[in-house]
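Below is one structure; the comments refer to it alone.
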Amino acid sequence: MVAGGSSARVRAAAPPSSHHRRRVRRAWLFLAPMLVVLSLVAGWPLARTVALSLTDATLNTLDEANFVGVANYLAYGPPLDAFDPDAGAYYLYDAEHDRHFVLDAQTGRLTDETDRDHPIVYDRVDGDYVHAETGEPAPGIADPLFQWSGVLADRLWWRAVANTLVFAIASVSLEVILGVAIALALNAGLQARGLLRAAVLIPWAIPTVVSAKMWGWMYHDSFGVMNDILLGLGVISEGLAWTADPHLAMAAVVFVDVWKTTPFLALLVLAALQMLPGECYEAARVDGVHPVTVFWRVTLPLIKPALVVAIIFRTLDALRIFDLIYVLTANTEATMTMSVYARQELIDFQNVGAGSAASTLLVFVIALVTVFYLMAGRVRLGAD
Amino acid sequence: MAGIVFDRVSKRFGTAEVIRNVDLDIAPGSFTVFVGPSGCGKSTLLRLIAGLEDITAGTLLIEGCPVNDVAPAKRGVAMVFQSYALYPHMSVYQNMAFGLSLAKTDRRETDRRVREAARILQMDHLLERKPKDLSGGQRQRVAIGRAITREPKVFLFDEPLSNLDAALRVQMRLEIAKLHRALGATMVYVTHDQVEAMTLAEQIVVLNAGAVEQVGAPLELYHRPQNRFVAGFIGSPQMNFLPGTLAAAGADGVAVALAGLASPVPAAVAPDGQAAGAAVSLGIRPEHIVVGDGVAAAGPHGRIALVERLGSDTLLHVATQAGHLVVAAGAATKARVGDTIRLGLPADACHVFAADGRALARRGATEA
Amino acid sequence: MAGIVFDRVSKRFGTAEVIRNVDLDIAPGSFTVFVGPSGCGKSTLLRLIAGLEDITAGTLLIEGCPVNDVAPAKRGVAMVFQSYALYPHMSVYQNMAFGLSLAKTDRRETDRRVREAARILQMDHLLERKPKDLSGGQRQRVAIGRAITREPKVFLFDEPLSNLDAALRVQMRLEIAKLHRALGATMVYVTHDQVEAMTLAEQIVVLNAGAVEQVGAPLELYHRPQNRFVAGFIGSPQMNFLPGTLAAAGADGVAVALAGLASPVPAAVAPDGQAAGAAVSLGIRPEHIVVGDGVAAAGPHGRIALVERLGSDTLLHVATQAGHLVVAAGAATKARVGDTIRLGLPADACHVFAADGRALARRGATEA
Amino acid sequence: TLSCSALGTELELCREGAEAWAEATGNTVELVSTPNSATDRLALYQQMLASGASDIDVFVIDVIWPGILESHLVDLSGLVPQEDIDQHFPAIVDNNTVDGRLVALPWFIDAGLLYYRTDLLDAYGQTVPQTWAEMAEAAAAIQEGERAAGNAQFWGYVFQASAYEGLTCNALEWIDAYGGGLIGDDGRPTVDTPQAIAALEEAASWVGAIAPPGVLNYTEEESRGVWQAGNAAFMRNWPYAWALSQGEDSPIRGLVGVAALPRGEGEGAGHTGALGGAQLAVSRYSEHPVVAADLVRYLAGYEEQKRRAIAGSFNPTIMALYEDPEVLAANPFFGELFDTFTHAVARPSRITGARYNEVSSAVFSAVHAVLSGEAAAAEALADLNAELNRMSRGGRW
Amino acid sequence: MAIPGRSRPATAAFYAAVAVIVVYTVFPFYWAVNSSLQTPQELFDVTWFPFSFSFGNYAHVFDGQPFGRNILNSVFVAVLTVGISLALSLTAAHALARVRFRGRGLLLLAILSVSMFPQVAVLGGMYELIRSLGLYNSLYGLVLSYMIFTLPFTVWVLTTFLRELPRELEDAAIMDGAGPWTTLTRVFLPLMGPALVTTGLLAFIAAWNEFLFALTFTLSDSQRTVPVAIANFSGASQFELPWGNIMAASVIVTVPLIVLVLVFQRRIVSGLTAGAVKG
Ligand SMILES: Nc1ncnc2c1ncn2[C@@H]1O[C@H](COP(=O)(O)OP(=O)(O)OP(=O)(O)O)[C@@H](O)[C@H]1O
Ligand SMILES: Nc1ncnc2c1ncn2[C@@H]1O[C@H](COP(=O)(O)OP(=O)(O)OP(=O)(O)O)[C@@H](O)[C@H]1O
Ligand SMILES: [Mg+2]
Ligand SMILES: [Mg+2]
């Protein structure tokens, strides 16, 4: 796919000499320690997550989980979490008619136990339900009980996906702009740039746990400094509830994330800037190229590889964003991201199966975005 | 067209003074060649003109205006860098078109100029390559192409042909001369190639250790070097120098006594205040030494130590009693290593340099 | 001492075949010079010898052993890169000492060798500088120094002197020749400088578009080029070519009819199977054309279009009825632009090339 | 060698207590500090317990966790004498008994309280409100007055409405005050009732009127911040805010009153407060369950709870301590609280077991939507009811 | 020094932009310092300047808990993590950047995919792994687990930067008889200054700030790292947030990082490859 552009492929076609083979062997030797460590720390946890996503495990029943296929992702039928293995039955609820049913997994017999004292039993005949006693048909009775279930059928999941994408796009694009700007400023050789560099790094250096709380404090609608400043400047006339107002919450979170992670981007871009060959800048200066054009046409293409990597890692992080959102806005739907969703399923709700499925889907979404980036950025992984 | 004037310009890197007090006048539309030993400051001078280095002291004027503080972009110069300085991420075409596309030149016009330059530089087939896939000479041609597409007022060429083969170099040289005639732009050119310098230059500037040794038309430098440095630097193979003393100094010439020679060698130079007995050196170019039986017995003679046959020419390295001499004999010469030959030093081909290196004014010889 | 043999070696970059089926024998301890137009594959050949590029097809042998699969470090070669490839973070001294320190050479010995190389290269005072603070020529010298200190069996030089001034270039050339004699190492050398090629080489390899055109001693190439390409490439200024037809072909020579000339020009070459009437071109080097009133009226004549005075020589560009001719006249010539002159083409200086470029065998001329 | 996981908060007291026990019994105790955030702590515990780690023997667990962690905890009923158990508030013991197994001993108790500004009530001629409507009225009046007096930041009432567990507590209190409930005894949800709707409508009417819009993201500390800065007339909070409000540098020191939360209107209305507090439990994977149970018994015992009540104002779970003169001398308001504690309403964690968090999340999400005006109370509660029904497995959970 | 070749207004605008950026980044930190010097009560007010200057919060950070020890733990873990991941990824990056072999792109993608998993998802598996290796409640366990997020990052970044170095340099080193290892350590490494320092710094801070793993894989106070220690700070009771202490601790742990940046940025200098090659 992304790997290996055309020229790389053609070159690979030449018969590799044993010299080249030796080089490759040595390359693998160089790779080995890293690969060993990485597969050690990543292999088991990742495999386990994927495996668990195919079971009905809960936090308390990790060892006795049953394989359920892709039901955690998407399934049609009686919902998975309605199944009680001990009783061998599904406990179903028909929200439309406000009725409770018990569906015997083995016999297919359906019991309406809305009134516990007077259960009504239905038998399954040719796919339809009939009164067990009277044999009268009960049309449509099962329909609402059979539904799409799994993470993919959860409205909240899709909300989380949308939130995450909005968050990632907004914060990463702002970060890129700001980060590149900061890097350029740092690279422009002004006095005290050492201090500036340190200053810019501060947000990154404060533990997220702390900085999220700190911003929560600063965002506070009555004793937070944000409102104080804005009120003082006359920008707003009354204090805003930054993190509480569903319309502001996302913006508020993005603002903090940009603050927090721009240094990451700025620093990487700065490093890239400083490794550029100086001579073609001289050429550009003599050619009378406007600095802005130099940036777009020379600098940017040259730092592109590093920038793309920085953006990829920032995007991965943004797509996995958890603690900041969690601390600032808790589980609010307006800002719930995929990670928050996954964690809610996994830890809060103890649904290890569904949580793992959500995590795996999250990885899938991230992978899609990454591949998209790589293609859009024309990153040729295999090329020199 | 823009004249360039250096007014007591100096440049220091740290403590090293690389350009010392250079006064220089480059006429608008002229073709000036800088020559000088490696590291003498030629590239630095070009970089000063381009504005890539700050001037430590003195004033640089372009078109009569001091430009010490003018940004490179505003000086209207194009430069071919000794180290090429290509944009690594752009193809050859893009490298050459970059300056034009920025100047908002019409797309068709850009294309025309780039293709024209590529044709001149014989690299039509390379337009889509990236610099890293080019040979050294090809990269150099891209660097030249980039400058010529821009058609600026001043061209700065830093050894633009050094990585090209002889045939291509001759062609390129002619192209540059043609360009100069066509555009009338001021061109400043650094080269180590004597032929380039002699054929292209209207004015050659000889630099040494950051200072100007002599400025003049090519043949003037060849025939009337002002000092021993210039004499040795201009002309290839190099001028021979023999130590000696002034035996006689008259109005119609001097005579230089050389070691091991019975009679002093006459030279058609003015004594210029040097009295008889002063230590001098006698200079004579290899191509001016006369070889053969016909020469006076008074001249130096010696064993041939080395014969270098260049095809069109043959260089004889002769160890004479007066010192080591390189002689340019015709291609047809039969001389062999070990032969003893007799050399004639024609009086009007001789240069005499005072102990401080200053040349005594020559008489007869003029630029042909 | 190590001989190098190319046995049908090819090299492709992607789809471009850059080296085509090269067969070549480089004797142990010899000095071989590669010449050829820019981009013809000279650097690539060196890189193949060094092992920096994989050989696509064929076998390369060093000291008789196939080395296609031998690591560069094990081949005992040192290389001076056209692009210098200096370690930017190391001082000049460290750059030169790096190879030695890797080879665990004794510290004192390292120091001795580095200082010796620096002395030869006249850069004792630059030892502590970093590459970025050096001029182009100085960088090039560091690159040479790095190779010299390592004292390998095979030296590969890729245009090592292209950025040096004429005087230094002569010195460096002599130093390299001296080094060659002293070490007896095999040296392979790429240059665009005719003088370097002629004086240094024991054997010159002329390359064109990735293939070997001719291999031979310098003067052999000069006097007996096997084809028009070599004839045009060796010698500076370039040989003149005039289109014509074979008027007569006899055992003692042929005569070539040129446009606008009353009588065909005789040339001392064997007809080599070409019959009268065949289209050929007549080649003659500028330095072999005779100028003056004494020449036969039968020769071409024409107006002087351009006079290039090089000091030691003067080049006349003459538009004759037979075509454009460059003539090397003596420095003393009085010829001026616009003069009409008459040129003599001596029969034994003439080369004749068949329509396919092949040279007809010359008779008389030998390497002097 | 025992490890006791304690809230860093009460670390000092916990350490002293544990060391006293260690001295008495010759065992050694190692204390482990845990995250301040309850959610983090629960996740951590679950991680350890799920892997069967024996590193920690005694856990301090929240009042809502017995149902969640039950399968990892030891049944203490056999290890602790019955009379020791009986001295605690029965509501809590009940809460800690899952499927007949007593999985934790109560350690201290918390319940939601109404804090009010005595000075402001006096100034505006108000009395301590008995119903939510009165509270809202009083709050509005005071707020209007204070704002007119120049404090633009002033609000009538602050509480906890961020989308988190605390909102479930608040909501439960409102609904309970109106006589409603979340889950019935049969395990079936009961939130879609007129009482609950009335309660939520009432609460929703506060936001932006007497409560700051930002209350939707307030947790305990944010509301205390507003309150303690003197910018609120009323506050709903846990007992801990008392000591801080009366602290040395508190601007409202001496101006604070505490009362049970107001009741709603209509049938079944009453004062209430959500039950909170900490329990002590022994891990099933402990290598020394008996010794650990002894530590638990000691820490939850009369003497220790008394010591903690005196030294740290921790509300004892032993009913007798509310009459203990030494305790009352140290904490004069304890007497008033006793009533609240006895009437405290427990969150349905025991009945919903491991799925309590899911229930709570559904509850606070729905309530948050109502408070923020995104949904009407009736629809939100109907949806919530259906959602809970879906989860409830017909009441079996 | 002004920016060469810019006009005065442009320079002024430039400095104004820099000032805005500085305020944006530094202000919250100032606020933290400000908060840390306030009494608990002042926190509930917008106080622009800590008039009271109570250093009690700072003193309090160190008594009652082994905060000094926690800092040392963090330093140990972060240094080791950065050291190991830089060492591992340097060699790996060399192979990935400078040797052409089949599956290179796929491998890079695979390495990247490791960092696509959210932390919560790997937590369980990682916990089991750490336990089974006997590294529970040990700083080495943390170092190991941190590899999961530092390694992909360092490998990718270093690979990118290594790719940019001119190929001729490697050729020259090869001709000088340097093996890949020597080439890497003696030729490339010195040129990678900016990249190494930057990646190292970013990885260091990532490890320094990590919370979830540190919380889950350590138990005793003596093995805790700073973020966990700070999160475990608590007030007099469950709900009270000891804000002043937390801010003081945050300031305490941020300052060394700033110093670190100031120290290491000497290495972030430009133009390291200048003069190496023509081209
Ligand atoms: N990596 C590459 N990919 C594709 N083509 C290449 C690559 N490297 C070199 N070439 C091409 O191979 C040919 C030979 O290059 P080489 O460097 O050997 O030329 P050269 O004879 O040394 O030329 P010069 O005298 O200009 O240095 C050139 O046409 C060049 O463009
Ligand atoms: N940045 C620098 N710092 C210190 N010295 C420098 C710097 N740049 C150049 N030099 C020195 O200045 C002198 C002049 O350099 P310059 O590049 O102008 O020489 P040049 O005449 O172009 O030589 P060449 O013919 O070898 O290219 C040299 O001795 C060089 O070492
Ligand atoms: Mg130069
Ligand atoms: Mg080459």
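All residue names refer to the structure tokens as shown: chains lettered A, B, ... in order, residues numbered from 1 in each chain, ligands numbered from 1 in order.
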(message) Taking only C-alpha atoms and all ligand atoms into account, list the residues no farther than 7 Å from ligand 1, as a ChimeraX atom specification.
(response) /B:132-138,163-165 /C:13-14,16,18,36-45
Limited to N, CA and C atoms, could you put the picked residues into a file as an mmCIF file, in the first residue's frame?
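Output below, filename out-v1.cif:
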data_model
loop_
_atom_site.group_PDB
_atom_site.id
_atom_site.type_symbol
_atom_site.label_atom_id
_atom_site.label_comp_id
_atom_site.auth_asym_id
_atom_site.auth_seq_id
_atom_site.Cartn_x
_atom_site.Cartn_y
_atom_site.Cartn_z
ATOM 1 N N LYS B 132 19.715 14.555 -6.296
ATOM 2 C CA LYS B 132 20.538 13.462 -5.788
ATOM 3 C C LYS B 132 20.760 12.372 -6.832
ATOM 4 N N ASP B 133 19.987 12.375 -7.876
ATOM 5 C CA ASP B 133 20.189 11.375 -8.925
ATOM 6 C C ASP B 133 21.004 11.916 -10.091
ATOM 7 N N LEU B 134 21.705 13.008 -9.847
ATOM 8 C CA LEU B 134 22.493 13.596 -10.937
ATOM 9 C C LEU B 134 23.982 13.408 -10.663
ATOM 10 N N SER B 135 24.750 13.438 -11.741
ATOM 11 C CA SER B 135 26.199 13.427 -11.573
ATOM 12 C C SER B 135 26.655 14.824 -11.182
ATOM 13 N N GLY B 136 27.910 14.915 -10.765
ATOM 14 C CA GLY B 136 28.440 16.200 -10.323
ATOM 15 C C GLY B 136 28.289 17.294 -11.358
ATOM 16 N N GLY B 137 28.675 16.968 -12.579
ATOM 17 C CA GLY B 137 28.605 17.973 -13.629
ATOM 18 C C GLY B 137 27.178 18.378 -13.934
ATOM 19 N N GLN B 138 26.287 17.408 -13.846
ATOM 20 C CA GLN B 138 24.881 17.709 -14.117
ATOM 21 C C GLN B 138 24.322 18.649 -13.061
ATOM 22 N N ASN B 163 33.241 21.303 -12.867
ATOM 23 C CA ASN B 163 33.010 19.869 -12.939
ATOM 24 C C ASN B 163 32.584 19.393 -14.331
ATOM 25 N N LEU B 164 32.848 20.235 -15.322
ATOM 26 C CA LEU B 164 32.449 19.836 -16.668
ATOM 27 C C LEU B 164 33.660 19.378 -17.477
ATOM 28 N N ASP B 165 33.394 18.551 -18.470
ATOM 29 C CA ASP B 165 34.493 18.089 -19.303
ATOM 30 C C ASP B 165 34.910 19.191 -20.272
ATOM 31 N N PHE C 13 20.370 2.078 -12.763
ATOM 32 C CA PHE C 13 19.596 2.768 -11.715
ATOM 33 C C PHE C 13 18.160 2.744 -12.177
ATOM 34 N N GLY C 14 17.360 1.957 -11.509
ATOM 35 C CA GLY C 14 15.998 1.850 -11.995
ATOM 36 C C GLY C 14 16.047 1.292 -13.398
ATOM 37 N N ALA C 16 17.362 3.069 -15.967
ATOM 38 C CA ALA C 16 18.433 3.690 -16.738
ATOM 39 C C ALA C 16 19.704 2.868 -16.636
ATOM 40 N N VAL C 18 23.317 2.789 -16.744
ATOM 41 C CA VAL C 18 24.304 3.849 -16.624
ATOM 42 C C VAL C 18 25.690 3.343 -17.006
ATOM 43 N N GLY C 36 35.556 11.537 -19.876
ATOM 44 C CA GLY C 36 34.309 11.358 -20.595
ATOM 45 C C GLY C 36 33.396 12.505 -20.255
ATOM 46 N N PRO C 37 32.378 12.698 -21.069
ATOM 47 C CA PRO C 37 31.482 13.825 -20.830
ATOM 48 C C PRO C 37 30.785 13.718 -19.483
ATOM 49 N N SER C 38 30.311 14.847 -19.037
ATOM 50 C CA SER C 38 29.586 14.876 -17.774
ATOM 51 C C SER C 38 28.402 13.910 -17.826
ATOM 52 N N GLY C 39 28.290 13.106 -16.808
ATOM 53 C CA GLY C 39 27.163 12.186 -16.735
ATOM 54 C C GLY C 39 27.371 10.890 -17.473
ATOM 55 N N CYS C 40 28.595 10.625 -17.919
ATOM 56 C CA CYS C 40 28.796 9.412 -18.709
ATOM 57 C C CYS C 40 28.994 8.188 -17.818
ATOM 58 N N GLY C 41 29.182 8.383 -16.540
ATOM 59 C CA GLY C 41 29.304 7.220 -15.666
ATOM 60 C C GLY C 41 30.653 7.053 -15.006
ATOM 61 N N LYS C 42 31.466 8.076 -15.030
ATOM 62 C CA LYS C 42 32.789 7.963 -14.422
ATOM 63 C C LYS C 42 32.693 7.737 -12.922
ATOM 64 N N SER C 43 31.942 8.599 -12.272
ATOM 65 C CA SER C 43 31.806 8.450 -10.826
ATOM 66 C C SER C 43 31.195 7.098 -10.486
ATOM 67 N N THR C 44 30.246 6.703 -11.281
ATOM 68 C CA THR C 44 29.602 5.423 -11.012
ATOM 69 C C THR C 44 30.624 4.284 -11.096
ATOM 70 N N LEU C 45 31.499 4.349 -12.083
ATOM 71 C CA LEU C 45 32.523 3.300 -12.186
ATOM 72 C C LEU C 45 33.375 3.264 -10.922
#
(request) Skip stretch 154-156 of chain C itself and residues of its chain fewer than 5 positions away, then list as an MDAnalysis selection string all residues within 8 Å of it, counting only C-alpha atoms. (result) chainID C and resid 1:2 46 50 76:80 147 185:189
Create the file for the chosen residues now, containing N, CA, C and O atoms and written as a PDB file, in the first residue's frame.
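After the write, result_2.pdb holds the following:
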ATOM      1  N   MET C   1      49.570  -3.205  -4.018  1.00  0.00           N
ATOM      2  CA  MET C   1      49.329  -3.207  -5.472  1.00  0.00           C
ATOM      3  C   MET C   1      48.230  -4.194  -5.833  1.00  0.00           C
ATOM      4  O   MET C   1      48.266  -5.338  -5.422  1.00  0.00           O
ATOM      5  N   ALA C   2      47.302  -3.685  -6.566  1.00  0.00           N
ATOM      6  CA  ALA C   2      46.168  -4.545  -6.877  1.00  0.00           C
ATOM      7  C   ALA C   2      45.620  -4.195  -8.244  1.00  0.00           C
ATOM      8  O   ALA C   2      45.365  -3.036  -8.532  1.00  0.00           O
ATOM      9  N   LEU C  46      33.771   4.441 -10.451  1.00  0.00           N
ATOM     10  CA  LEU C  46      34.571   4.482  -9.228  1.00  0.00           C
ATOM     11  C   LEU C  46      33.792   3.891  -8.064  1.00  0.00           C
ATOM     12  O   LEU C  46      34.317   3.134  -7.255  1.00  0.00           O
ATOM     13  N   ALA C  50      34.687   0.879  -5.599  1.00  0.00           N
ATOM     14  CA  ALA C  50      34.716   1.044  -4.146  1.00  0.00           C
ATOM     15  C   ALA C  50      33.731   0.111  -3.459  1.00  0.00           C
ATOM     16  O   ALA C  50      33.879  -0.195  -2.282  1.00  0.00           O
ATOM     17  N   GLY C  76      40.214  -2.599   0.418  1.00  0.00           N
ATOM     18  CA  GLY C  76      41.484  -1.900   0.472  1.00  0.00           C
ATOM     19  C   GLY C  76      41.567  -0.704  -0.448  1.00  0.00           C
ATOM     20  O   GLY C  76      42.613  -0.412  -1.016  1.00  0.00           O
ATOM     21  N   VAL C  77      40.468  -0.013  -0.616  1.00  0.00           N
ATOM     22  CA  VAL C  77      40.501   1.151  -1.481  1.00  0.00           C
ATOM     23  C   VAL C  77      40.192   2.407  -0.673  1.00  0.00           C
ATOM     24  O   VAL C  77      39.545   2.353   0.361  1.00  0.00           O
ATOM     25  N   ALA C  78      40.718   3.520  -1.161  1.00  0.00           N
ATOM     26  CA  ALA C  78      40.355   4.808  -0.567  1.00  0.00           C
ATOM     27  C   ALA C  78      39.797   5.656  -1.695  1.00  0.00           C
ATOM     28  O   ALA C  78      40.186   5.491  -2.847  1.00  0.00           O
ATOM     29  N   MET C  79      38.864   6.530  -1.343  1.00  0.00           N
ATOM     30  CA  MET C  79      38.207   7.294  -2.402  1.00  0.00           C
ATOM     31  C   MET C  79      38.125   8.768  -2.025  1.00  0.00           C
ATOM     32  O   MET C  79      37.849   9.122  -0.891  1.00  0.00           O
ATOM     33  N   VAL C  80      38.386   9.601  -3.030  1.00  0.00           N
ATOM     34  CA  VAL C  80      38.162  11.037  -2.860  1.00  0.00           C
ATOM     35  C   VAL C  80      36.871  11.348  -3.602  1.00  0.00           C
ATOM     36  O   VAL C  80      36.776  11.108  -4.797  1.00  0.00           O
ATOM     37  N   ALA C 147      42.129  10.503   1.950  1.00  0.00           N
ATOM     38  CA  ALA C 147      42.503   9.293   1.227  1.00  0.00           C
ATOM     39  C   ALA C 147      43.985   8.991   1.401  1.00  0.00           C
ATOM     40  O   ALA C 147      44.381   7.844   1.623  1.00  0.00           O
ATOM     41  N   ALA C 185      50.829   2.300  -5.413  1.00  0.00           N
ATOM     42  CA  ALA C 185      49.444   1.860  -5.374  1.00  0.00           C
ATOM     43  C   ALA C 185      48.772   2.053  -6.735  1.00  0.00           C
ATOM     44  O   ALA C 185      49.200   2.885  -7.529  1.00  0.00           O
ATOM     45  N   THR C 186      47.762   1.263  -6.980  1.00  0.00           N
ATOM     46  CA  THR C 186      46.965   1.456  -8.179  1.00  0.00           C
ATOM     47  C   THR C 186      46.141   2.727  -8.002  1.00  0.00           C
ATOM     48  O   THR C 186      45.555   2.926  -6.946  1.00  0.00           O
ATOM     49  N   MET C 187      46.136   3.545  -9.031  1.00  0.00           N
ATOM     50  CA  MET C 187      45.343   4.764  -8.899  1.00  0.00           C
ATOM     51  C   MET C 187      44.381   4.887 -10.056  1.00  0.00           C
ATOM     52  O   MET C 187      44.766   4.693 -11.214  1.00  0.00           O
ATOM     53  N   VAL C 188      43.158   5.176  -9.710  1.00  0.00           N
ATOM     54  CA  VAL C 188      42.150   5.414 -10.734  1.00  0.00           C
ATOM     55  C   VAL C 188      41.650   6.832 -10.517  1.00  0.00           C
ATOM     56  O   VAL C 188      41.323   7.204  -9.394  1.00  0.00           O
ATOM     57  N   TYR C 189      41.617   7.584 -11.580  1.00  0.00           N
ATOM     58  CA  TYR C 189      41.519   9.020 -11.443  1.00  0.00           C
ATOM     59  C   TYR C 189      40.520   9.550 -12.461  1.00  0.00           C
ATOM     60  O   TYR C 189      40.588   9.200 -13.637  1.00  0.00           O
TER      61      TYR C 189
END
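Reported to one decimal place, the separation of atom CA of D:Ala18 from atom CA of D:Glu287 is 18.0 Å.
Residues of chain D lying within 6 Å of chain A, counting only C-alpha atoms, are Ala163, Pro213, Gly214, Leu216, Asn217, Asn357, Glu358, Ala386, Arg390, Arg393 and Gly394 of chain D.
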(request) Write out as JSON, numbers by chain each polymer residue whose atoms come within 7 Å of stretch 242-257 of chain E, counting only C-alpha atoms; drop sequence neighbours fewer than 3 positions from it. (result) {"A": [205, 206], "E": [32, 33, 35, 36, 38, 40, 57, 58, 60, 61, 230, 233, 234, 235, 260, 261]}
Export, as a short mmCIF file (atom, residue, chain, number, x, y, z; two decimals), in the first residue's frame, the selected residues with N, CA, C and O atoms.
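File written: result-v2.cif
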data_model
loop_
_atom_site.label_atom_id
_atom_site.label_comp_id
_atom_site.auth_asym_id
_atom_site.auth_seq_id
_atom_site.Cartn_x
_atom_site.Cartn_y
_atom_site.Cartn_z
N ALA A 205 5.61 20.07 29.97
CA ALA A 205 6.32 19.51 31.11
C ALA A 205 5.43 19.32 32.34
O ALA A 205 5.76 18.57 33.24
N ILE A 206 4.31 19.99 32.36
CA ILE A 206 3.44 19.83 33.53
C ILE A 206 2.61 18.57 33.34
O ILE A 206 1.98 18.39 32.31
N ALA E 32 0.03 28.61 38.18
CA ALA E 32 0.34 27.52 39.10
C ALA E 32 1.24 28.03 40.22
O ALA E 32 1.01 27.74 41.41
N VAL E 33 2.27 28.79 39.83
CA VAL E 33 3.17 29.32 40.84
C VAL E 33 2.38 30.21 41.79
O VAL E 33 2.49 30.11 43.02
N SER E 35 -0.78 30.15 42.43
CA SER E 35 -1.66 29.36 43.30
C SER E 35 -0.88 28.69 44.41
O SER E 35 -1.35 28.59 45.54
N SER E 36 0.32 28.24 44.05
CA SER E 36 1.07 27.48 45.04
C SER E 36 1.52 28.35 46.19
O SER E 36 1.86 27.86 47.26
N GLN E 38 -0.39 30.68 47.47
CA GLN E 38 -1.55 31.24 48.14
C GLN E 38 -2.05 30.32 49.23
O GLN E 38 -1.78 29.13 49.22
N PRO E 40 -5.12 28.35 51.05
CA PRO E 40 -6.25 27.64 50.43
C PRO E 40 -7.41 28.57 50.14
O PRO E 40 -8.08 28.45 49.12
N ASN E 57 2.74 25.56 51.43
CA ASN E 57 2.40 24.48 50.51
C ASN E 57 3.65 23.70 50.12
O ASN E 57 3.61 22.48 49.99
N TYR E 58 4.73 24.43 49.92
CA TYR E 58 5.97 23.75 49.51
C TYR E 58 6.49 22.86 50.63
O TYR E 58 6.92 21.73 50.40
N HIS E 60 4.80 21.60 52.90
CA HIS E 60 3.86 20.52 53.14
C HIS E 60 4.06 19.38 52.15
O HIS E 60 3.79 18.23 52.46
N VAL E 61 4.50 19.72 50.97
CA VAL E 61 4.69 18.69 49.95
C VAL E 61 5.67 17.63 50.43
O VAL E 61 5.52 16.45 50.15
N ILE E 230 1.45 13.05 43.17
CA ILE E 230 0.64 14.27 43.20
C ILE E 230 -0.85 13.94 43.20
O ILE E 230 -1.64 14.52 43.95
N PHE E 233 -2.04 13.09 46.54
CA PHE E 233 -2.15 14.13 47.58
C PHE E 233 -3.60 14.24 47.95
O PHE E 233 -4.48 14.20 47.11
N SER E 234 -3.84 14.43 49.21
CA SER E 234 -5.24 14.63 49.52
C SER E 234 -5.38 15.56 50.69
O SER E 234 -4.47 15.76 51.47
N GLY E 235 -6.53 16.12 50.74
CA GLY E 235 -6.82 17.06 51.80
C GLY E 235 -7.26 16.32 53.04
O GLY E 235 -6.98 15.14 53.22
N LEU E 260 16.42 21.29 32.60
CA LEU E 260 16.90 20.27 31.66
C LEU E 260 16.89 20.82 30.23
O LEU E 260 17.84 20.65 29.47
N VAL E 261 15.81 21.49 29.90
CA VAL E 261 15.71 22.06 28.56
C VAL E 261 16.82 23.08 28.35
O VAL E 261 17.51 23.09 27.34
#
(request) Taking only C-alpha atoms into account, report as a PyMOL selection string which residues of chain C lie within 10 Å of chain A. (result) chain C and resi 11-15+51+53-57+67-72
